[in-house]
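> Here you go, input-v5.tsv (TSV, C-alpha atoms):
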chain	number	residue	atom	x	y	z
A	1331	MET	CA	-37.57	18.15	215.18
A	1332	SER	CA	-39.99	16.04	213.30
A	1333	ALA	CA	-40.62	16.50	209.57
A	1334	ALA	CA	-44.23	15.48	209.91
A	1335	VAL	CA	-46.76	17.44	207.85
A	1336	HIS	CA	-49.39	19.32	209.77
A	1337	PRO	CA	-52.75	17.61	209.52
A	1338	ALA	CA	-54.47	20.81	208.24
A	1339	ALA	CA	-51.90	21.30	205.43
A	1340	PRO	CA	-52.81	20.07	201.95
A	1341	HIS	CA	-50.88	17.09	200.69
A	1342	HIS	CA	-50.02	18.67	197.33
A	1343	LEU	CA	-48.67	22.26	197.25
A	1344	PRO	CA	-48.58	24.39	194.09
A	1345	SER	CA	-45.20	24.85	192.36
A	1346	PHE	CA	-44.94	28.58	193.14
A	1347	ILE	CA	-44.83	27.94	196.89
A	1348	THR	CA	-41.21	27.56	197.94
A	1349	ALA	CA	-39.73	25.78	200.88
A	1350	PRO	CA	-38.12	27.83	203.64
A	1351	GLY	CA	-34.61	29.00	202.75
A	1352	GLU	CA	-35.00	28.57	198.95
A	1353	THR	CA	-35.19	31.29	196.29
A	1354	ASP	CA	-38.67	32.46	195.38
A	1355	VAL	CA	-38.55	32.15	191.59
A	1356	LEU	CA	-41.97	33.69	191.03
A	1357	MET	CA	-40.98	36.84	192.95
A	1358	VAL	CA	-37.72	37.18	190.97
A	1359	ILE	CA	-39.56	36.80	187.65
A	1360	SER	CA	-42.20	39.31	188.79
A	1361	LEU	CA	-39.50	41.81	189.80
A	1362	ILE	CA	-37.73	41.51	186.44
A	1363	MET	CA	-41.03	41.91	184.58
A	1364	LEU	CA	-41.95	44.95	186.69
A	1365	LEU	CA	-38.62	46.65	185.96
A	1366	ALA	CA	-38.90	45.88	182.23
A	1367	ILE	CA	-42.45	47.27	182.09
A	1368	VAL	CA	-41.47	50.46	183.96
A	1369	VAL	CA	-38.54	51.04	181.58
A	1370	ALA	CA	-40.74	50.33	178.54
A	1371	ILE	CA	-43.40	52.78	179.73
A	1372	GLY	CA	-40.70	55.42	180.35
A	1373	VAL	CA	-39.25	54.96	176.86
A	1374	PHE	CA	-42.73	55.16	175.34
A	1375	TYR	CA	-43.50	58.32	177.33
A	1376	PHE	CA	-40.33	60.09	176.24
A	1377	ARG	CA	-40.75	58.98	172.60
A	1378	LEU	CA	-44.31	60.28	172.61
A	1379	HIS	CA	-43.17	63.47	174.30
A	1380	ALA	CA	-40.49	64.06	171.61
A	1381	LEU	CA	-42.95	63.43	168.76
A	1382	PRO	CA	-43.59	67.14	167.98
A	1383	GLU	CA	-39.84	67.80	167.79
A	1384	GLN	CA	-39.35	64.89	165.39
A	1385	ILE	CA	-42.14	66.16	163.17
A	1386	ALA	CA	-40.89	69.78	163.22
A	1387	HIS	CA	-37.32	68.70	162.47
A	1388	LYS	CA	-38.17	68.69	158.74
A	1389	GLY	CA	-39.32	72.33	158.83
A	1390	GLN	CA	-37.60	75.61	159.45
A	1391	LYS	CA	-35.07	76.17	162.20
A	1392	VAL	CA	-37.14	78.79	164.03
A	1393	GLN	CA	-40.22	76.57	164.03
A	1394	PHE	CA	-38.16	73.64	165.32
A	1395	GLN	CA	-36.75	75.74	168.14
A	1396	VAL	CA	-40.19	77.00	169.21
A	1397	VAL	CA	-41.59	73.45	169.17
A	1398	ALA	CA	-38.59	72.20	171.18
A	1399	VAL	CA	-39.05	74.92	173.81
A	1400	LEU	CA	-42.77	74.16	174.10
A	1401	GLY	CA	-41.94	70.48	174.50
A	1402	LEU	CA	-39.47	71.20	177.30
A	1403	ILE	CA	-41.95	73.46	179.07
A	1404	ALA	CA	-44.56	70.71	178.84
A	1405	LEU	CA	-42.09	68.15	180.16
A	1406	PHE	CA	-41.05	70.18	183.19
A	1407	THR	CA	-44.43	71.71	184.10
A	1408	HIS	CA	-46.63	68.68	183.26
A	1409	ASN	CA	-49.09	70.98	181.50
A	1410	HIS	CA	-50.46	69.15	178.48
A	1411	ILE	CA	-51.54	72.34	176.72
A	1412	TYR	CA	-47.90	73.14	175.87
A	1413	TRP	CA	-47.41	69.70	174.33
A	1414	ILE	CA	-50.63	70.06	172.32
A	1415	ALA	CA	-49.52	73.53	171.14
A	1416	ALA	CA	-46.13	72.10	170.13
A	1417	LEU	CA	-47.82	69.27	168.23
A	1418	ILE	CA	-50.14	71.65	166.37
A	1419	LEU	CA	-47.27	74.01	165.59
A	1420	ALA	CA	-45.19	71.09	164.29
A	1421	PHE	CA	-47.90	70.16	161.79
A	1422	VAL	CA	-48.53	73.75	160.60
A	1423	THR	CA	-45.99	75.18	158.17
A	1424	ILE	CA	-44.97	78.73	158.94
A	1425	PRO	CA	-44.66	80.78	155.74
A	1426	ASP	CA	-41.18	82.05	154.86
A	1427	PHE	CA	-41.34	85.85	154.85
A	1428	ALA	CA	-37.60	86.50	155.06
A	1429	THR	CA	-36.57	85.07	151.67
A	1430	PRO	CA	-38.89	87.22	149.49
A	1431	LEU	CA	-38.02	90.35	151.46
A	1432	THR	CA	-34.30	89.65	151.13
A	1433	THR	CA	-34.70	89.04	147.39
A	1434	MET	CA	-36.59	92.32	146.99
A	1435	ALA	CA	-33.93	94.21	148.93
A	1436	ASN	CA	-31.14	92.71	146.82
A	1437	SER	CA	-33.03	93.58	143.62
A	1438	LEU	CA	-33.49	97.17	144.78
A	1439	VAL	CA	-29.76	97.43	145.47
A	1440	ARG	CA	-28.99	96.15	141.96
A	1441	ILE	CA	-31.48	98.59	140.41
A	1442	ALA	CA	-29.98	101.48	142.36
A	1443	ASP	CA	-26.47	100.45	141.27
A	1444	SER	CA	-27.50	100.24	137.61
A	1445	LYS	CA	-29.22	103.65	137.71
A	1446	GLU	CA	-26.14	105.11	139.37
A	1447	MET	CA	-23.98	103.86	136.53
A	1448	LYS	CA	-26.28	105.37	133.85
A	1449	GLY	CA	-26.65	108.72	135.56
A	1450	LYS	CA	-24.15	110.76	137.43
A	1451	PRO	CA	-21.76	108.53	139.32
A	1452	GLY	CA	-21.84	109.14	143.03
A	1453	ALA	CA	-25.01	111.22	143.04
A	1454	GLY	CA	-27.15	110.00	145.92
A	1455	ARG	CA	-24.86	107.23	147.07
A	1456	GLN	CA	-21.58	107.28	148.86
A	1457	PRO	CA	-18.52	105.92	147.09
A	1458	LYS	CA	-17.76	102.31	147.99
A	1459	ALA	CA	-14.68	103.21	150.03
A	1460	ALA	CA	-16.65	105.61	152.24
A	1461	ARG	CA	-19.49	103.19	153.05
A	1462	PRO	CA	-19.62	102.02	156.65
A	1463	GLY	CA	-18.01	98.65	157.11
A	1464	ALA	CA	-15.97	98.91	153.90
A	1465	PRO	CA	-12.18	98.79	154.13
A	1466	PRO	CA	-10.44	102.19	153.92
A	1467	PRO	CA	-8.83	103.13	150.61
A	1468	ALA	CA	-5.22	102.11	150.24
A	1469	ALA	CA	-2.84	104.97	151.07
A	1470	LYS	CA	-0.37	105.90	148.35
A	1471	THR	CA	3.19	105.94	149.51
A	1472	LYS	CA	5.86	107.98	147.87
A	1473	GLU	CA	8.94	106.08	147.01
A	1474	ALA	CA	12.35	107.59	146.65
A	1475	GLY	CA	12.27	107.28	142.86
A	1476	ASP	CA	8.84	109.02	142.46
A	1477	ALA	CA	9.41	112.75	142.68
What does this structure look like when you write it as structure tokens?


Amino acid sequence: MSAAVHPAAPHHLPSFITAPGETDVLMVISLIMLLAIVVAIGVFYFRLHALPEQIAHKGQKVQFQVVAVLGLIALFTHNHIYWIAALILAFVTIPDFATPLTTMANSLVRIADSKEMKGKPGAGRQPKAARPGAPPPAAKTKEAGDA
């Protein structure tokens, strides 16, 4: 075989053209760059997708759970409206209705207990031992010496 160059071939070839049987460096670099870009886009997508959950993490537990569920629904169904709803809900603070109601209920119990002490004891309320969920009164046992 002769190593003569074809007359139609250029005399100077660019550096990215490899000889037969050698490693194509440009293709290897392109493959590594492609994989790195795909991974970077995936990380960016998932970080952006988790943004409402990160914002709602500072708020209440119920709000965080609702935002997390909306985020998962948006991730699995590819419907952007769920992600937008989760983002809006993460920025809006839900008012706390449970704490004032619990405080009012505890205050009413204290007022009822104080009125019970001033008036007739046991009128209108059951004794503590007979309340549901309370432990039964201790049974008195007769000992041999008590007769």

> Mind pulling up the distance from CA of Phe1374 in chain A to CA of Val1358 in chain A?

24.3 Å

> Under the rule that all atoms listed in the file are counted, which of A:Ala1442, A:Glu1383, A:Lys1388, A:Met1434 is the nearest residue to Trp1413 in chain A?

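Using all atoms listed in the file, the shortest distance to Trp1413 in chain A belongs to A:Glu1383.
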
> For a test of reading the model, state the distance in Å between CA of Thr1429 in chain A and CA of Gly1401 in chain A, rounded to one decimal.

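Those two atoms sit 27.6 Å apart.
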
> Compare A:Ala1339, A:Val1439, A:Leu1365, A:Leu1419 by their minimum atom-to-atom distance to Gly1389 in chain A, counting all atoms listed in the file, and give me the closest one.

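Checking each of A:Ala1339, A:Val1439, A:Leu1365, A:Leu1419 against Gly1389 in chain A, counting all atoms listed in the file, the winner is A:Leu1419.
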
> Mind listing as a list in words all residues within 9 Å of (-48.0, 72.0, 173.1), counting all atoms listed in the file?

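Collected hits near the coordinates: Pro1382, Val1397, Leu1400, Gly1401, Ile1403, Ala1404, Asn1409, His1410, Ile1411, Tyr1412, Trp1413, Ile1414, Ala1415, Ala1416, Leu1417, Ile1418 and Leu1419 of chain A.
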
> Taking all atoms of range 1404-1418 of chain A that the file lists and extending 6 Å past them on each side, where is the centre of the axis-aligned box and how long are its edges? Answer in Å to one decimal, as AutoDock Vina command-line options.


--center_x -46.3 --center_y 70.8 --center_z 175.2 --size_x 22.5 --size_y 17.4 --size_z 29.7

> Which value, in Å to one decimal, gives the distance between CA of Leu1343 in chain A and CA of Ser1360 in chain A?

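Answer for the CA of Leu1343 in chain A to CA of Ser1360 in chain A separation: 20.1 Å.
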
> Using only C-alpha atoms for the distances, tell me which of A:Pro1340, A:Thr1353, A:Val1392, A:Leu1405 is nearest to His1379 in chain A.

A:Leu1405

> Considering all atoms listed in the file, can you say which of A:Ala1420, A:Ile1362, A:Val1373, A:Val1355 comes closest to His1387 in chain A?

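The answer is A:Ala1420, which sits nearest to His1387 in chain A.
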
> All heavy atoms for range 1435-1446 of chain A, written as an mmCIF file, in the frame of the given file, could you do that?


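Result file follows (result.cif):
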data_model
loop_
_atom_site.group_PDB
_atom_site.id
_atom_site.type_symbol
_atom_site.label_atom_id
_atom_site.label_comp_id
_atom_site.auth_asym_id
_atom_site.auth_seq_id
_atom_site.Cartn_x
_atom_site.Cartn_y
_atom_site.Cartn_z
ATOM 1 N N ALA A 1435 -34.962 93.252 148.519
ATOM 2 C CA ALA A 1435 -33.930 94.210 148.930
ATOM 3 C C ALA A 1435 -32.702 94.104 148.035
ATOM 4 O O ALA A 1435 -32.140 95.130 147.614
ATOM 5 C CB ALA A 1435 -33.555 93.984 150.386
ATOM 6 N N ASN A 1436 -32.294 92.881 147.705
ATOM 7 C CA ASN A 1436 -31.140 92.710 146.820
ATOM 8 C C ASN A 1436 -31.433 93.249 145.419
ATOM 9 O O ASN A 1436 -30.561 93.849 144.778
ATOM 10 C CB ASN A 1436 -30.741 91.238 146.744
ATOM 11 C CG ASN A 1436 -30.155 90.742 148.052
ATOM 12 O OD1 ASN A 1436 -29.673 91.533 148.862
ATOM 13 N ND2 ASN A 1436 -30.197 89.439 148.258
ATOM 14 N N SER A 1437 -32.651 93.061 144.935
ATOM 15 C CA SER A 1437 -33.030 93.580 143.620
ATOM 16 C C SER A 1437 -33.013 95.101 143.621
ATOM 17 O O SER A 1437 -32.557 95.728 142.649
ATOM 18 C CB SER A 1437 -34.418 93.092 143.225
ATOM 19 O OG SER A 1437 -34.432 91.695 143.131
ATOM 20 N N LEU A 1438 -33.503 95.710 144.696
ATOM 21 C CA LEU A 1438 -33.490 97.170 144.780
ATOM 22 C C LEU A 1438 -32.058 97.711 144.810
ATOM 23 O O LEU A 1438 -31.765 98.750 144.208
ATOM 24 C CB LEU A 1438 -34.258 97.640 146.010
ATOM 25 C CG LEU A 1438 -35.777 97.491 145.925
ATOM 26 C CD1 LEU A 1438 -36.416 97.843 147.255
ATOM 27 C CD2 LEU A 1438 -36.337 98.368 144.823
ATOM 28 N N VAL A 1439 -31.165 97.009 145.462
ATOM 29 C CA VAL A 1439 -29.760 97.430 145.470
ATOM 30 C C VAL A 1439 -29.185 97.350 144.067
ATOM 31 O O VAL A 1439 -28.484 98.254 143.606
ATOM 32 C CB VAL A 1439 -28.947 96.569 146.466
ATOM 33 C CG1 VAL A 1439 -27.454 96.766 146.269
ATOM 34 C CG2 VAL A 1439 -29.341 96.901 147.884
ATOM 35 N N ARG A 1440 -29.493 96.279 143.331
ATOM 36 C CA ARG A 1440 -28.990 96.150 141.960
ATOM 37 C C ARG A 1440 -29.572 97.230 141.050
ATOM 38 O O ARG A 1440 -28.871 97.788 140.205
ATOM 39 C CB ARG A 1440 -29.341 94.759 141.403
ATOM 40 C CG ARG A 1440 -28.257 93.752 141.710
ATOM 41 C CD ARG A 1440 -28.479 92.443 140.976
ATOM 42 N NE ARG A 1440 -29.057 91.527 141.957
ATOM 43 C CZ ARG A 1440 -30.175 90.856 141.825
ATOM 44 N NH1 ARG A 1440 -30.877 90.949 140.730
ATOM 45 N NH2 ARG A 1440 -30.614 90.081 142.776
ATOM 46 N N ILE A 1441 -30.861 97.533 141.219
ATOM 47 C CA ILE A 1441 -31.480 98.590 140.410
ATOM 48 C C ILE A 1441 -30.840 99.932 140.719
ATOM 49 O O ILE A 1441 -30.533 100.713 139.811
ATOM 50 C CB ILE A 1441 -33.013 98.633 140.666
ATOM 51 C CG1 ILE A 1441 -33.684 97.398 140.077
ATOM 52 C CG2 ILE A 1441 -33.617 99.901 140.084
ATOM 53 C CD1 ILE A 1441 -35.143 97.243 140.480
ATOM 54 N N ALA A 1442 -30.606 100.211 141.980
ATOM 55 C CA ALA A 1442 -29.980 101.480 142.360
ATOM 56 C C ALA A 1442 -28.560 101.556 141.807
ATOM 57 O O ALA A 1442 -28.133 102.619 141.337
ATOM 58 C CB ALA A 1442 -29.966 101.621 143.873
ATOM 59 N N ASP A 1443 -27.831 100.451 141.825
ATOM 60 C CA ASP A 1443 -26.470 100.450 141.270
ATOM 61 C C ASP A 1443 -26.487 100.677 139.769
ATOM 62 O O ASP A 1443 -25.658 101.405 139.229
ATOM 63 C CB ASP A 1443 -25.762 99.135 141.580
ATOM 64 C CG ASP A 1443 -25.275 99.069 143.018
ATOM 65 O OD1 ASP A 1443 -25.176 100.133 143.657
ATOM 66 O OD2 ASP A 1443 -24.999 97.943 143.488
ATOM 67 N N SER A 1444 -27.449 100.073 139.066
ATOM 68 C CA SER A 1444 -27.500 100.240 137.610
ATOM 69 C C SER A 1444 -27.919 101.661 137.233
ATOM 70 O O SER A 1444 -27.408 102.229 136.271
ATOM 71 C CB SER A 1444 -28.442 99.222 136.979
ATOM 72 O OG SER A 1444 -29.775 99.487 137.360
ATOM 73 N N LYS A 1445 -28.826 102.265 137.986
ATOM 74 C CA LYS A 1445 -29.220 103.650 137.710
ATOM 75 C C LYS A 1445 -28.066 104.604 138.018
ATOM 76 O O LYS A 1445 -27.891 105.604 137.353
ATOM 77 C CB LYS A 1445 -30.454 104.039 138.522
ATOM 78 C CG LYS A 1445 -31.717 103.434 137.986
ATOM 79 C CD LYS A 1445 -32.928 103.921 138.746
ATOM 80 C CE LYS A 1445 -34.194 103.321 138.144
ATOM 81 N NZ LYS A 1445 -35.387 103.769 138.839
ATOM 82 N N GLU A 1446 -27.284 104.282 139.015
ATOM 83 C CA GLU A 1446 -26.140 105.110 139.370
ATOM 84 C C GLU A 1446 -25.105 105.097 138.253
ATOM 85 O O GLU A 1446 -24.478 106.105 137.950
ATOM 86 C CB GLU A 1446 -25.511 104.602 140.668
ATOM 87 C CG GLU A 1446 -24.350 105.423 141.147
ATOM 88 C CD GLU A 1446 -23.806 104.865 142.443
ATOM 89 O OE1 GLU A 1446 -24.548 104.835 143.424
ATOM 90 O OE2 GLU A 1446 -22.631 104.470 142.449
#
